[in-house]
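Presented below is the structure to which this report refers.
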Amino acid sequence: MALANLERDRQANAEALLGTKTPMVRGPLWAKRRGELSELAFFYKAASLGFGVAKPWGDSERDDFILDSGQRLWRVQVKSGCHHHNRYYDLHATCGNHENAFYTSEEIDMFVAYLVPIDVWYVIPVDKIKKKSLLFFPYGGARCSHYEQYREAWSLMAPQTSSASFLSTSPQNERARPGYLNPRFL
């Protein structure tokens, strides 16, 4: 099963990088355009979960988005990966073209990594990032998969309520209660 998923993702990687699955109107998607599309995907995902979403003007800020949970504002940096290396994805947690410029808690609150071919999100507090290269093992089996606990961890930015679980459903009708993240989108 895992090998079939891996082969499917390899094919999706090739199609994403070369633009071969569907003819692209203006040619293949290069890195900057793929990043812009990933930001659109983030906007849609966050808005679907009920967050207010704002985009700072220009490219000069370290944060890509501001999310409003209803209780606080979150400064978010979004990075995406389109291809994997033998069962893992590698993303850089550095600012722009400066290899040693790490994001700090004074600049952003959350680092969000999007693995495009498999549509998986990692929501990581910036103070948990210690290296410039982040390795993600969505297929399991790696001893160093430090970030799996942050897979789809949108609840880290959810409003604090009296309930212990932000993603729980009402036991009476198994539907999400108002004010809670809808588990259908997680």
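Ordering of the structure tokens sets the chain letters (A, B, ...), residue numbers begin anew at 1 in every chain, and ligands are numbered from 1 in the order given.
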Subject >> strand (DSSP E) residues, from DSSP on the backbone, in stretch 65-169 of chain A, as a PyMOL selection string >> reply: chain A and resi 65-68+73-81+89-92+110-115+120-125+133-136
Print the selection's residues with N, CA, C and O atoms to a file, as a tab-separated table (two decimals), in the first residue's frame.
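Contents of part-v3.tsv, as written:
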chain	number	residue	atom	x	y	z
A	65	PHE	N	1.02	35.52	5.75
A	65	PHE	CA	-0.38	35.73	6.08
A	65	PHE	C	-0.54	36.12	7.54
A	65	PHE	O	0.31	35.81	8.37
A	66	ILE	N	-1.67	36.75	7.82
A	66	ILE	CA	-2.12	37.00	9.18
A	66	ILE	C	-3.44	36.24	9.34
A	66	ILE	O	-4.37	36.46	8.55
A	67	LEU	N	-3.51	35.34	10.32
A	67	LEU	CA	-4.75	34.61	10.58
A	67	LEU	C	-5.39	35.16	11.84
A	67	LEU	O	-4.71	35.38	12.84
A	68	ASP	N	-6.70	35.34	11.77
A	68	ASP	CA	-7.47	35.82	12.90
A	68	ASP	C	-8.31	34.66	13.42
A	68	ASP	O	-9.20	34.17	12.72
A	73	LEU	N	-4.29	37.27	16.69
A	73	LEU	CA	-3.78	37.26	15.33
A	73	LEU	C	-2.50	36.42	15.29
A	73	LEU	O	-1.67	36.52	16.19
A	74	TRP	N	-2.35	35.62	14.25
A	74	TRP	CA	-1.19	34.76	14.07
A	74	TRP	C	-0.43	35.18	12.82
A	74	TRP	O	-1.02	35.30	11.75
A	75	ARG	N	0.88	35.38	12.94
A	75	ARG	CA	1.73	35.68	11.79
A	75	ARG	C	2.25	34.35	11.25
A	75	ARG	O	2.89	33.59	11.97
A	76	VAL	N	1.96	34.07	9.98
A	76	VAL	CA	2.22	32.75	9.41
A	76	VAL	C	3.12	32.86	8.18
A	76	VAL	O	2.89	33.68	7.30
A	77	GLN	N	4.13	31.99	8.11
A	77	GLN	CA	4.97	31.83	6.93
A	77	GLN	C	4.62	30.49	6.30
A	77	GLN	O	4.54	29.48	6.99
A	78	VAL	N	4.39	30.48	4.98
A	78	VAL	CA	4.00	29.26	4.26
A	78	VAL	C	5.11	28.86	3.30
A	78	VAL	O	5.59	29.69	2.53
A	79	LYS	N	5.52	27.60	3.36
A	79	LYS	CA	6.47	27.04	2.41
A	79	LYS	C	5.86	25.76	1.85
A	79	LYS	O	5.09	25.07	2.54
A	80	SER	N	6.22	25.42	0.62
A	80	SER	CA	5.66	24.22	0.01
A	80	SER	C	6.76	23.38	-0.62
A	80	SER	O	7.81	23.88	-0.98
A	81	GLY	N	6.46	22.10	-0.72
A	81	GLY	CA	7.36	21.16	-1.39
A	81	GLY	C	6.59	20.38	-2.42
A	81	GLY	O	5.47	19.93	-2.16
A	89	TYR	N	10.17	14.45	2.41
A	89	TYR	CA	10.17	15.77	1.79
A	89	TYR	C	11.13	16.66	2.57
A	89	TYR	O	11.22	16.55	3.78
A	90	ASP	N	11.80	17.54	1.88
A	90	ASP	CA	12.79	18.43	2.47
A	90	ASP	C	12.41	19.88	2.14
A	90	ASP	O	12.31	20.24	0.98
A	91	LEU	N	12.16	20.68	3.18
A	91	LEU	CA	11.84	22.10	2.98
A	91	LEU	C	12.81	22.94	3.79
A	91	LEU	O	13.25	22.54	4.86
A	92	HIS	N	13.11	24.11	3.28
A	92	HIS	CA	14.03	25.01	3.98
A	92	HIS	C	13.24	26.00	4.82
A	92	HIS	O	12.31	26.63	4.34
A	110	MET	N	3.90	31.09	13.41
A	110	MET	CA	3.75	29.72	12.91
A	110	MET	C	4.42	29.56	11.55
A	110	MET	O	4.39	30.47	10.72
A	111	PHE	N	5.00	28.40	11.36
A	111	PHE	CA	5.58	28.01	10.08
A	111	PHE	C	4.69	26.90	9.54
A	111	PHE	O	4.49	25.88	10.21
A	112	VAL	N	4.12	27.10	8.36
A	112	VAL	CA	3.22	26.11	7.77
A	112	VAL	C	3.89	25.51	6.54
A	112	VAL	O	4.25	26.25	5.62
A	113	ALA	N	4.05	24.20	6.54
A	113	ALA	CA	4.64	23.49	5.41
A	113	ALA	C	3.54	22.73	4.68
A	113	ALA	O	2.73	22.05	5.32
A	114	TYR	N	3.51	22.87	3.37
A	114	TYR	CA	2.50	22.21	2.54
A	114	TYR	C	3.19	21.25	1.59
A	114	TYR	O	4.03	21.65	0.79
A	115	LEU	N	2.84	19.96	1.67
A	115	LEU	CA	3.37	18.95	0.76
A	115	LEU	C	2.35	18.79	-0.36
A	115	LEU	O	1.31	18.15	-0.21
A	120	VAL	N	-0.91	17.56	2.16
A	120	VAL	CA	-0.73	17.44	3.61
A	120	VAL	C	-0.11	18.73	4.13
A	120	VAL	O	0.81	19.27	3.53
A	121	TRP	N	-0.63	19.21	5.27
A	121	TRP	CA	-0.17	20.44	5.90
A	121	TRP	C	0.47	20.14	7.25
A	121	TRP	O	-0.02	19.29	8.00
A	122	TYR	N	1.54	20.86	7.56
A	122	TYR	CA	2.18	20.80	8.88
A	122	TYR	C	2.15	22.21	9.45
A	122	TYR	O	2.65	23.15	8.80
A	123	VAL	N	1.58	22.36	10.63
A	123	VAL	CA	1.47	23.66	11.30
A	123	VAL	C	2.40	23.61	12.51
A	123	VAL	O	2.10	22.97	13.51
A	124	ILE	N	3.54	24.31	12.40
A	124	ILE	CA	4.61	24.18	13.38
A	124	ILE	C	4.87	25.53	14.06
A	124	ILE	O	5.12	26.53	13.37
A	125	PRO	N	4.85	25.58	15.39
A	125	PRO	CA	5.27	26.82	16.07
A	125	PRO	C	6.72	27.14	15.72
A	125	PRO	O	7.56	26.24	15.69
A	133	SER	N	16.97	22.98	7.46
A	133	SER	CA	16.33	22.01	6.59
A	133	SER	C	15.37	21.16	7.41
A	133	SER	O	15.78	20.50	8.36
A	134	LEU	N	14.09	21.18	7.04
A	134	LEU	CA	13.08	20.40	7.74
A	134	LEU	C	12.76	19.17	6.92
A	134	LEU	O	12.46	19.26	5.73
A	135	LEU	N	12.81	18.02	7.56
A	135	LEU	CA	12.51	16.76	6.89
A	135	LEU	C	11.15	16.26	7.36
A	135	LEU	O	10.90	16.16	8.56
A	136	PHE	N	10.29	15.95	6.39
A	136	PHE	CA	8.95	15.45	6.68
A	136	PHE	C	8.83	14.04	6.13
A	136	PHE	O	9.18	13.78	4.98
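Taking only C-alpha atoms, the non-local environment of A:Asp127 within 10 Å (same-chain residues fewer than 5 positions away omitted) comprises Tyr103, Thr104, Ser105, Ile108, Asp109, Met110 and Phe111 of chain A.
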Original post:
Which of these residues is nearest to A:Glu107, using only C-alpha atoms: A:Ser155, A:Ser60, A:Ser38, A:Thr161?
Top reply: A:Ser60
Subject >> Counting only C-alpha atoms, the option among A:Pro138, A:Arg72, A:Ile118, A:Lys131 closest to A:Leu156 >> reply: A:Arg72
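Within stretch 43-120 of chain A, residues classed as alpha helix (DSSP H) by DSSP on backbone coordinates are Phe43, Tyr44, Lys45, Ala46, Ala47 and Ser48 of chain A.
Distances from A:Ala31, A:Val116, A:Cys95, A:Leu40 to A:Asp59 were compared using only C-alpha atoms, and the smallest one belongs to A:Cys95.
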